[in-house]
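So this one's input_28.cif, mmCIF, C-alpha atoms and all ligand atoms:
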data_final
loop_
_atom_site.label_atom_id
_atom_site.label_comp_id
_atom_site.auth_asym_id
_atom_site.auth_seq_id
_atom_site.Cartn_x
_atom_site.Cartn_y
_atom_site.Cartn_z
CA MET A 1 9.78 -10.81 -8.07
CA VAL A 2 13.06 -10.69 -6.14
CA ARG A 3 13.44 -12.13 -2.66
CA ILE A 4 15.31 -9.95 -0.15
CA GLN A 5 16.47 -11.31 3.18
CA LEU A 6 15.91 -8.94 6.10
CA ARG A 7 17.14 -9.37 9.66
CA LEU A 8 16.15 -7.06 12.52
CA LYS A 9 17.84 -6.80 15.90
CA ALA A 10 15.71 -5.83 18.91
CA VAL A 11 17.10 -2.70 20.58
CA SER A 12 14.34 -2.56 23.20
CA PRO A 13 11.78 -5.15 24.34
CA VAL A 14 9.13 -5.78 21.67
CA ALA A 15 5.50 -6.94 21.85
CA PHE A 16 3.01 -7.98 19.17
CA SER A 17 -0.37 -8.77 20.70
CA ALA A 18 -2.39 -11.42 18.94
CA ARG A 19 -5.71 -9.83 19.89
CA ARG A 20 -7.08 -6.32 19.72
CA GLY A 21 -9.17 -6.52 22.88
CA THR A 22 -7.90 -5.25 26.23
CA SER A 23 -7.32 -7.41 29.26
CA ASN A 24 -5.23 -7.36 32.44
CA PHE A 25 -2.85 -9.80 30.75
CA VAL A 26 -1.78 -9.25 27.16
CA ASP A 27 0.35 -11.95 25.54
CA THR A 28 2.73 -11.42 22.62
CA LEU A 29 3.30 -13.46 19.48
CA ASP A 30 6.77 -15.03 19.20
CA TYR A 31 7.52 -13.40 15.84
CA VAL A 32 7.28 -10.10 13.96
CA PRO A 33 4.07 -10.19 11.87
CA GLY A 34 4.46 -8.98 8.27
CA SER A 35 1.59 -6.51 8.78
CA ALA A 36 3.44 -4.85 11.70
CA LEU A 37 6.64 -4.74 9.62
CA ARG A 38 4.86 -3.15 6.66
CA GLY A 39 3.23 -0.54 8.92
CA ALA A 40 6.58 0.29 10.54
CA VAL A 41 8.33 0.67 7.17
CA ALA A 42 5.50 2.97 6.00
CA ALA A 43 5.83 5.11 9.15
CA HIS A 44 9.62 5.23 8.66
CA TYR A 45 9.18 6.37 5.04
CA LEU A 46 6.74 9.13 6.00
CA SER A 47 8.89 10.45 8.84
CA ARG A 48 12.35 10.20 7.25
CA ILE A 49 12.12 9.85 3.46
CA GLY A 50 9.11 11.38 1.72
CA GLY A 51 5.35 11.84 1.48
CA ALA A 52 2.33 9.62 0.98
CA GLY A 53 1.88 10.84 -2.60
CA ASP A 54 5.28 9.52 -3.79
CA ALA A 55 5.09 6.87 -6.50
CA ARG A 56 7.49 4.57 -4.60
CA PHE A 57 5.45 4.80 -1.39
CA GLN A 58 2.28 4.00 -3.31
CA THR A 59 3.66 0.98 -5.21
CA ILE A 60 5.69 -0.63 -2.42
CA LEU A 61 3.56 0.18 0.65
CA VAL A 62 0.02 0.99 -0.43
CA LYS A 63 -0.86 -0.91 -3.60
CA GLY A 64 0.61 -4.18 -2.35
CA GLU A 65 3.22 -4.72 -5.09
CA ALA A 66 5.73 -5.80 -2.42
CA SER A 67 5.18 -8.54 0.16
CA PHE A 68 6.46 -8.08 3.72
CA GLY A 69 6.84 -11.54 5.20
CA ASN A 70 6.75 -12.44 8.88
CA LEU A 71 10.15 -12.28 10.58
CA TYR A 72 10.80 -15.38 12.68
CA PRO A 73 13.29 -15.60 15.58
CA VAL A 74 16.79 -16.78 14.62
CA ARG A 75 19.81 -17.64 16.74
CA LEU A 76 22.52 -18.95 14.45
CA GLY A 77 21.95 -17.82 10.90
CA LEU A 78 19.69 -15.84 8.64
CA ARG A 79 16.72 -18.13 8.34
CA SER A 80 14.30 -20.06 10.50
CA SER A 81 11.13 -21.89 9.51
CA VAL A 82 7.82 -22.90 11.00
CA ILE A 83 7.71 -26.42 12.46
CA PRO A 84 4.99 -28.29 10.51
CA SER A 85 1.89 -29.35 12.46
CA THR A 86 2.73 -32.98 11.65
CA ALA A 87 5.85 -32.85 13.90
CA ARG A 88 5.66 -34.93 17.10
CA SER A 89 7.94 -35.30 20.09
CA CYS A 90 8.08 -36.81 23.59
CA LYS A 91 5.55 -35.32 26.01
CA THR A 92 8.14 -34.32 28.63
CA PHE A 93 11.55 -34.16 26.92
CA ASP A 94 10.29 -32.60 23.71
CA GLY A 95 12.89 -31.28 21.31
CA PHE A 96 15.41 -32.06 18.58
CA LEU A 97 18.24 -34.44 19.46
CA SER A 98 20.85 -31.75 18.80
CA ASP A 99 19.28 -29.59 21.53
CA ARG A 100 20.42 -30.70 24.99
CA ASP A 101 18.63 -33.56 26.82
CA LYS A 102 15.81 -33.95 24.30
CA HIS A 103 14.21 -37.16 23.05
CA GLY A 104 14.00 -36.28 19.36
CA VAL A 105 11.38 -35.09 16.89
CA PHE A 106 9.76 -36.97 14.05
CA ASP A 107 7.41 -35.89 11.30
CA SER A 108 4.27 -38.00 11.03
CA LEU A 109 3.04 -36.92 7.59
CA MET A 110 4.39 -39.98 5.72
CA ALA A 111 3.01 -42.39 8.36
CA ALA A 112 -0.36 -40.63 8.53
CA ALA A 113 -0.66 -40.43 4.74
CA SER A 114 0.25 -44.09 4.22
CA ALA A 115 -2.25 -45.09 6.94
CA ARG A 116 -4.91 -43.06 5.16
CA LEU A 117 -4.00 -44.44 1.73
CA SER A 118 -3.61 -48.08 2.77
CA GLY A 119 -6.36 -48.14 5.41
CA ASN A 120 -3.89 -49.74 7.84
CA PHE A 121 -3.77 -47.48 10.89
CA ALA A 122 -1.62 -49.87 12.96
CA ALA A 123 1.50 -48.13 11.63
CA LEU A 124 0.51 -45.02 13.58
CA ASP A 125 0.50 -46.92 16.89
CA GLU A 126 4.29 -47.27 16.91
CA ARG A 127 4.48 -43.45 16.73
CA ALA A 128 2.22 -42.94 19.73
CA ARG A 129 4.98 -43.35 22.33
CA CYS A 130 8.52 -42.05 22.75
CA THR A 131 11.08 -44.63 21.60
CA VAL A 132 13.89 -43.56 23.94
CA THR A 133 14.85 -46.46 26.24
CA ARG A 134 13.06 -46.37 29.62
CA CYS A 135 10.90 -43.37 28.55
CA GLY A 136 7.84 -44.56 26.62
CA LEU A 137 5.82 -41.40 27.37
CA PRO A 138 3.12 -40.40 24.88
CA THR A 139 4.19 -38.23 21.93
CA HIS A 140 2.57 -34.83 21.41
CA ARG A 141 2.47 -32.17 18.76
CA PHE A 142 5.70 -30.17 18.65
CA SER A 143 5.38 -26.58 17.43
CA GLY A 144 7.38 -23.37 17.11
CA PHE A 145 10.30 -22.46 14.86
CA TYR A 146 13.43 -24.35 13.85
CA GLU A 147 16.68 -23.60 12.14
CA GLU A 148 19.30 -25.84 10.59
CA LYS A 149 22.55 -26.04 12.53
CA ALA A 150 24.75 -27.66 9.90
CA GLY A 151 24.49 -29.08 6.39
CA ASP A 152 21.48 -28.28 4.26
CA SER A 153 18.40 -30.14 3.20
CA GLY A 154 19.38 -33.22 1.24
CA GLY A 155 23.08 -32.35 1.50
CA THR A 156 26.07 -33.89 3.24
CA PRO A 157 26.49 -33.91 6.18
CA PRO A 158 22.78 -34.26 6.96
CA ALA A 159 21.13 -31.24 8.53
CA LEU A 160 20.98 -30.89 12.29
CA TYR A 161 17.81 -29.20 13.43
CA SER A 162 17.45 -26.91 16.41
CA LYS A 163 14.40 -25.26 17.96
CA VAL A 164 14.40 -21.47 18.25
CA ASP A 165 12.61 -19.97 21.24
CA VAL A 166 12.32 -16.36 22.32
CA SER A 167 12.92 -15.18 25.85
CA LYS A 168 9.90 -13.33 27.26
CA ARG A 169 8.89 -11.57 30.46
CA HIS A 170 5.93 -9.65 31.85
CA VAL A 171 6.10 -5.90 32.36
CA THR A 172 3.60 -4.66 34.93
CA HIS A 173 1.95 -1.26 34.81
CA ALA A 174 -0.29 0.62 37.23
CA GLY A 175 -3.36 2.35 35.80
CA ILE A 176 -3.26 6.15 36.12
CA ASN A 177 -6.18 8.13 37.51
CA ARG A 178 -6.78 10.92 34.99
CA ALA A 179 -8.05 13.38 37.59
CA SER A 180 -5.29 12.98 40.15
CA GLN A 181 -2.55 11.91 37.69
CA SER A 182 -1.45 9.30 40.20
CA ALA A 183 -1.69 5.51 40.40
CA GLU A 184 -5.27 4.25 40.55
CA PRO A 185 -5.79 1.66 43.34
CA ARG A 186 -6.65 -1.89 42.09
CA PHE A 187 -5.73 -1.10 38.45
CA LEU A 188 -2.73 -3.26 37.67
CA TYR A 189 -2.04 -4.94 34.35
CA ALA A 190 0.76 -6.97 32.85
CA GLN A 191 2.03 -6.95 29.30
CA GLN A 192 4.10 -9.82 27.99
CA VAL A 193 7.15 -8.68 25.97
CA ILE A 194 9.96 -10.37 24.06
CA ASN A 195 13.29 -9.51 25.69
CA GLU A 196 15.83 -7.63 23.59
CA SER A 197 18.52 -10.13 24.57
CA TRP A 198 18.84 -13.77 25.56
CA ARG A 199 21.49 -16.10 26.92
CA GLU A 200 22.06 -19.80 27.09
CA GLY A 201 21.55 -21.15 30.61
CA SER A 202 22.00 -18.71 33.45
CA GLY A 203 25.67 -17.81 33.15
CA GLY A 204 26.20 -17.35 29.41
CA GLU A 205 26.92 -14.18 27.51
CA PHE A 206 23.89 -12.02 26.54
CA LYS A 207 23.15 -11.97 22.81
CA PRO A 208 20.71 -9.69 20.96
CA GLN A 209 17.32 -11.13 19.98
CA VAL A 210 17.15 -11.14 16.18
CA PHE A 211 14.35 -11.94 13.73
CA ALA A 212 14.72 -12.76 10.03
CA GLY A 213 12.48 -13.22 7.02
CA ASP A 214 11.95 -12.34 3.38
CA LEU A 215 10.56 -9.40 1.47
CA LEU A 216 9.33 -9.96 -2.07
CA VAL A 217 9.72 -6.91 -4.30
CA ARG A 218 9.68 -6.21 -8.02
CA GLU A 219 13.09 -6.46 -9.66
CA HIS A 220 13.41 -2.73 -10.41
CA GLN A 221 12.64 -1.87 -6.75
CA ALA A 222 15.15 -4.24 -5.15
CA ASP A 223 18.15 -1.88 -5.17
CA TYR A 224 16.06 0.97 -3.80
CA VAL A 225 14.67 -1.17 -0.94
CA ARG A 226 18.15 -2.48 -0.01
CA SER A 227 20.14 0.73 -0.23
CA SER A 228 17.69 3.57 0.44
CA LEU A 229 14.50 2.35 2.14
CA LEU A 230 15.98 -0.14 4.62
CA PRO A 231 19.80 0.11 4.62
CA ARG A 232 21.70 -1.56 7.47
CA GLY A 233 21.41 0.52 10.64
CA THR A 234 17.86 1.78 9.93
CA VAL A 235 15.86 1.93 13.17
CA LEU A 236 12.17 0.99 12.96
CA ARG A 237 9.45 1.20 15.63
CA LEU A 238 7.26 -1.90 15.58
CA GLY A 239 4.40 -3.46 17.48
CA ASP A 240 2.63 -2.44 20.68
CA SER A 241 3.33 0.21 23.32
CA ARG A 242 5.76 2.19 21.18
CA SER A 243 4.99 5.31 23.24
CA ARG A 244 6.30 3.47 26.33
CA GLY A 245 9.62 2.72 24.68
CA LEU A 246 8.90 -0.75 23.34
CA GLY A 247 9.40 -1.88 19.75
CA ARG A 248 12.72 -0.33 18.67
CA MET A 249 14.41 -2.61 16.14
CA GLU A 250 17.43 -2.05 13.92
CA VAL A 251 18.16 -3.48 10.45
CA ASP A 252 21.04 -5.86 11.15
CA HIS A 253 21.33 -7.45 7.70
CA ILE A 254 19.71 -6.93 4.31
CA GLY A 255 20.74 -8.78 1.16
CA PRO A 256 19.69 -11.22 -1.53
CA ALA A 257 17.89 -14.34 -0.26
CA GLU A 258 18.44 -17.89 -1.42
CA THR A 259 15.47 -19.08 -3.42
CA ASP A 260 14.26 -22.41 -4.69
CA THR A 261 14.69 -23.19 -8.38
CA GLU A 262 12.61 -25.37 -10.67
CA THR A 263 15.29 -28.08 -10.29
CA THR A 264 15.19 -28.07 -6.47
CA VAL A 265 11.37 -28.17 -6.42
CA ARG A 266 11.33 -31.02 -8.99
CA GLY A 267 13.92 -32.90 -6.90
CA ARG A 268 11.82 -32.52 -3.75
CA ILE A 269 8.63 -33.65 -5.53
CA ARG A 270 10.44 -36.80 -6.77
CA GLU A 271 11.97 -37.54 -3.38
CA PHE A 272 8.66 -36.99 -1.59
CA ASN A 273 6.86 -39.40 -3.93
CA LYS A 274 9.66 -41.96 -3.67
CA ARG A 275 9.53 -41.92 0.14
CA LEU A 276 5.73 -42.05 0.21
CA ALA A 277 5.70 -44.97 -2.28
CA GLU A 278 8.14 -46.87 -0.02
CA LYS A 279 5.75 -46.44 2.92
CA ALA A 280 2.35 -46.68 1.26
CA GLY A 281 3.10 -49.02 -1.67
CA VAL A 282 3.59 -48.15 -5.34
CA GLN A 283 0.66 -46.59 -7.12
CA PRO A 284 1.46 -46.04 -10.79
CA ASN A 285 0.24 -42.81 -12.42
CA ILE A 286 -0.65 -41.19 -9.11
CA ASP A 287 1.56 -38.47 -7.66
CA TYR A 288 1.32 -36.60 -4.40
CA ILE A 289 2.15 -33.02 -3.50
CA SER A 290 2.40 -31.70 0.04
CA LEU A 291 1.79 -28.05 0.88
CA THR A 292 3.06 -26.72 4.22
CA LEU A 293 2.02 -23.23 5.32
CA GLN A 294 4.98 -21.05 6.34
CA SER A 295 2.65 -18.29 7.56
CA ASP A 296 -1.05 -17.99 8.40
CA ALA A 297 -3.22 -18.10 5.25
CA ILE A 298 -6.52 -16.27 4.71
CA ILE A 299 -8.48 -18.12 2.04
CA THR A 300 -12.06 -17.44 0.96
CA ASP A 301 -14.41 -19.44 -1.26
CA SER A 302 -16.34 -17.99 -4.20
CA PHE A 303 -18.95 -16.58 -1.75
CA LEU A 304 -16.15 -14.83 0.23
CA ARG A 305 -16.63 -17.13 3.22
CA TYR A 306 -13.44 -17.93 5.15
CA GLU A 307 -12.15 -21.45 4.60
CA THR A 308 -10.59 -23.61 7.30
CA THR A 309 -8.89 -26.02 4.92
CA ILE A 310 -7.31 -25.82 1.47
CA GLU A 311 -9.27 -27.82 -1.08
CA GLY A 312 -7.99 -29.08 -4.43
CA GLU A 313 -9.91 -26.30 -6.21
CA ASP A 314 -8.17 -23.63 -4.11
CA ILE A 315 -4.72 -24.84 -5.08
CA SER A 316 -5.71 -25.15 -8.76
CA ARG A 317 -7.11 -21.61 -8.69
CA ALA A 318 -3.99 -20.26 -6.96
CA ILE A 319 -1.72 -21.98 -9.50
CA HIS A 320 -3.71 -20.43 -12.34
CA ALA A 321 -3.45 -17.00 -10.70
CA ALA A 322 0.33 -17.41 -10.29
CA ASN A 323 0.85 -18.84 -13.81
CA SER A 324 -1.32 -17.14 -16.39
CA GLN A 325 -0.08 -19.53 -19.11
CA CYS A 326 -0.47 -22.74 -17.12
CA GLY A 327 -2.68 -25.40 -18.64
CA ILE A 328 -3.31 -27.54 -15.56
CA GLU A 329 -6.75 -29.02 -15.22
CA ALA A 330 -8.77 -27.06 -12.67
CA ARG A 331 -9.87 -30.32 -11.03
CA GLY A 332 -6.41 -31.93 -11.07
CA PHE A 333 -5.75 -31.76 -7.31
CA HIS A 334 -7.63 -33.82 -4.74
CA LEU A 335 -7.13 -33.29 -1.02
CA VAL A 336 -6.39 -36.63 0.68
CA PHE A 337 -5.03 -35.57 4.07
CA ALA A 338 -4.93 -32.38 6.13
CA SER A 339 -3.40 -31.47 9.48
CA ALA A 340 -4.73 -27.96 9.90
CA ASP A 341 -5.81 -25.49 12.55
CA LYS A 342 -7.55 -22.13 12.37
CA LYS A 343 -7.27 -18.79 14.19
CA LEU A 344 -8.79 -15.34 14.31
CA VAL A 345 -6.64 -12.57 12.83
CA GLN A 346 -7.14 -9.13 14.38
CA SER A 347 -5.02 -6.08 13.68
CA TRP A 348 -5.01 -2.31 13.36
CA ASN A 349 -4.57 -0.07 10.37
CA ALA A 350 -1.86 2.19 11.80
CA ALA A 351 -2.37 4.91 9.18
CA SER A 352 -6.10 5.36 9.76
CA GLY A 353 -6.13 4.43 13.45
CA TYR A 354 -9.05 2.07 12.82
CA PRO A 355 -9.17 -1.71 13.24
CA LYS A 356 -8.82 -3.89 10.15
CA PRO A 357 -11.75 -6.27 9.56
CA ASP A 358 -11.36 -9.53 11.50
CA ALA A 359 -10.45 -12.53 9.37
CA ALA A 360 -10.28 -16.29 9.94
CA ALA A 361 -6.96 -17.82 8.93
CA ILE A 362 -5.54 -21.30 8.55
CA THR A 363 -2.58 -21.35 10.93
CA MET A 364 1.09 -21.48 9.96
CA GLY A 365 2.52 -25.01 10.00
CA SER A 366 -0.71 -26.58 8.66
CA VAL A 367 0.00 -29.39 6.20
CA PHE A 368 -2.11 -30.53 3.22
CA LEU A 369 -1.54 -33.54 0.99
CA PHE A 370 -2.96 -33.55 -2.54
CA LYS A 371 -3.31 -36.40 -5.01
CA LEU A 372 -2.66 -35.86 -8.71
CA LEU A 373 -4.24 -38.52 -10.89
CA ASN A 374 -2.19 -38.00 -14.04
CA GLY A 375 1.17 -38.87 -12.46
CA LYS A 376 2.81 -35.76 -13.87
CA ALA A 377 3.80 -34.00 -10.68
CA ALA A 378 7.41 -33.49 -11.76
CA GLU A 379 6.17 -31.56 -14.82
CA LEU A 380 4.37 -29.25 -12.44
CA ALA A 381 7.63 -28.13 -10.79
CA GLN A 382 7.58 -24.76 -12.54
CA PRO A 383 3.92 -23.84 -11.81
CA LEU A 384 4.28 -25.10 -8.23
CA LEU A 385 7.45 -23.01 -7.81
CA ALA A 386 5.48 -19.99 -9.05
CA LEU A 387 2.75 -20.80 -6.49
CA GLN A 388 5.38 -21.07 -3.75
CA GLU A 389 6.78 -17.66 -4.75
CA SER A 390 3.39 -15.92 -5.01
CA GLY A 391 1.70 -17.54 -1.99
CA ILE A 392 -1.98 -18.32 -1.59
CA GLY A 393 -5.06 -16.39 -0.44
CA GLN A 394 -5.56 -12.82 0.71
CA ARG A 395 -3.32 -10.12 2.27
CA ARG A 396 -0.16 -11.65 0.79
CA SER A 397 1.49 -8.20 0.86
CA GLU A 398 1.41 -8.54 4.68
CA GLY A 399 3.09 -11.94 4.57
CA PHE A 400 -0.03 -14.13 4.76
CA GLY A 401 -0.22 -17.27 2.61
CA ARG A 402 3.49 -18.19 2.36
CA LEU A 403 4.00 -21.92 1.74
CA SER A 404 6.51 -24.61 0.82
CA ILE A 405 5.96 -27.46 -1.65
CA CYS A 406 7.05 -31.00 -0.62
CA ASP A 407 9.05 -29.67 2.34
CA SER A 408 12.05 -31.91 3.09
CA PHE A 409 11.24 -31.65 6.84
CA HIS A 410 8.57 -34.31 6.23
CA TRP A 411 11.09 -37.04 5.46
CA GLU A 412 14.36 -35.70 6.92
CA VAL A 413 13.17 -35.23 10.49
CA GLN A 414 12.82 -38.82 11.74
CA GLU A 415 14.84 -38.74 14.94
CA HIS A 416 13.00 -41.51 16.77
CA GLY A 417 15.02 -44.66 17.18
CA GLN A 418 18.26 -42.70 16.67
CA PRO A 419 20.87 -42.44 19.43
CA ALA A 420 20.99 -39.13 21.31
CA ARG A 421 23.70 -36.72 20.09
ZN ZN A 501 10.75 -39.49 25.89
#
Translate this file's structure into structure tokens.
Ligand SMILES: [Zn+2]
Amino acid sequence: MVRIQLRLKAVSPVAFSARRGTSNFVDTLDYVPGSALRGAVAAHYLSRIGGAGDARFQTILVKGEASFGNLYPVRLGLRSSVIPSTARSCKTFDGFLSDRDKHGVFDSLMAAASARLSGNFAALDERARCTVTRCGLPTHRFSGFYEEKAGDSGGTPPALYSKVDVSKRHVTHAGINRASQSAEPRFLYAQQVINESWREGSGGEFKPQVFAGDLLVREHQADYVRSSLLPRGTVLRLGDSRSRGLGRMEVDHIGPAETDTETTVRGRIREFNKRLAEKAGVQPNIDYISLTLQSDAIITDSFLRYETTIEGEDISRAIHAANSQCGIEARGFHLVFASADKKLVQSWNAASGYPKPDAAAITMGSVFLFKLLNGKAAELAQPLLALQESGIGQRRSEGFGRLSICDSFHWEVQEHGQPAR
């Protein structure tokens, strides 16, 4: 598979409701879901390019050979990521040090894992309060999206992290009486939308709201997708209330995406185990692998029941599915720590006009730590890279189940105790 980087610029306000039900107040997600992107590309194909019987339409958009990932908000570059659920920050001044007047973010996975492994939970106490002088407020979970301002993971100078927010507002509508074709008294509702532009502070210059993410396509389809299906300048209609003028987005950038290699994954596995050993003590012949969800994941057990955590057997099964030749023991992975949440996924099938079946998903940002008893984690770099590329669980063609192995966020983001920038 080839990874293609796609960036869309909002031309009008956009809205992606998280729920199908109606209410007087409808909130939007802060990102473009892969399922909405795939539906919009399919509608674009059918209105501008060809018919539903075309072989290309069938392979890329119907049979699920391509994966349309979520597009997350970006401000500086071409890529932003999900903040892991193990990230913590000050209750009041929560944010990365490089963002103005914030008290810093730290990732608690290493501390939580070493407390679990050593049985000494006192180490977690020092993380319970903000370390900025004269603050001392409790620390809370810090969620959303981040991008790297400078440097890159593990490089020099060290990366500076920045949170990416979207600017939103409510658009109010009056209900229309069908008989009189005029406003119906007492029928007022508000829809939350993402603004098409944003600015820093109140006096800065307005900049377009952009979203970026990856598509995974087969090698022989990559040129077609880049130059014919979604060339720069293509206008798509995505999300809710398209008939009221919402949801117009334009392809702002499309090109090859940077991908991990076996060497980078092996390096991260080694570094992760080195850092964890420093915290939790050396344990010969035992290796650890962390898995951080970069999108919601829908995982079912052998009885097709939705799972709310990822067990060792799930990861072994997914590795076998991604690597047909892999000889890893099916029982090689043991879950030792999880920081996970769950959500209900509801959406529409735009082509049929019917709702898709509801599903329970493990939320993006959830973190799982697995133990490998044979101490051969570095040898698993290739199969784990294949797992990272293929994803885990169901509906991966709509961007569900994306993940990162031994994400460097877990040891690089330790801003507590550092001076403010
Ligand atoms: Zn603080």
* **Neighbours of point (11.7, -30.1, -5.8) within 12 Å, using only C-alpha atoms, written as a PyMOL selection string** => chain A and resi 153-154+259-273+289-290+377-385+388+404-408
Taking all atoms of range 246-258 of chain A that the file lists, what box with edges along x, y and z, padded by 3 Å per side, do you get, with centre and edge lengths in Å to one decimal, as AutoDock Vina command-line options?
--center_x 15.1 --center_y -9.1 --center_z 10.9 --size_x 18.4 --size_y 23.6 --size_z 30.9
* To do: Using CA of Val41 in chain A and CA of Ser167 in chain A as the two end points, give the distance in Å to one decimal.
  => 24.9 Å
* Selection as a list in words: residues within 9 Å of ligand ZN 501 (chain A) by all atoms listed in the file ->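 What falls inside 9 Å of ligand ZN 501 (chain A) is Ser89, Cys90, Lys91, Thr92, Phe93, Asp94, Lys102, His103, Gly104, Arg129, Cys130, Thr131, Val132, Thr133, Arg134, Cys135, Gly136, Leu137, Pro138 and Thr139 of chain A.
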With a cut-off of 12 Å, could you pull out the residues of range 236-322 of chain A touching range 81-86 of chain A and give me the nearest pair of atoms for each, distance in Å to one decimal, using only C-alpha atoms, ordered by chain and ascending number, as JSON lines?
{"residue": "A:Ser290", "atom": "CA", "partner": "A:Pro84", "partner_atom": "CA", "distance": 11.3}
{"residue": "A:Leu291", "atom": "CA", "partner": "A:Pro84", "partner_atom": "CA", "distance": 10.2}
{"residue": "A:Thr292", "atom": "CA", "partner": "A:Pro84", "partner_atom": "CA", "distance": 6.8}
{"residue": "A:Leu293", "atom": "CA", "partner": "A:Pro84", "partner_atom": "CA", "distance": 7.8}
{"residue": "A:Gln294", "atom": "CA", "partner": "A:Val82", "partner_atom": "CA", "distance": 5.8}
{"residue": "A:Ser295", "atom": "CA", "partner": "A:Val82", "partner_atom": "CA", "distance": 7.7}
{"residue": "A:Asp296", "atom": "CA", "partner": "A:Val82", "partner_atom": "CA", "distance": 10.5}
* Structure fact -> Across A:Trp411, A:Gly39, A:Thr28, A:Lys279, the smallest distance to Leu124 in chain A, with all atoms listed in the file counted, is shown by A:Lys279
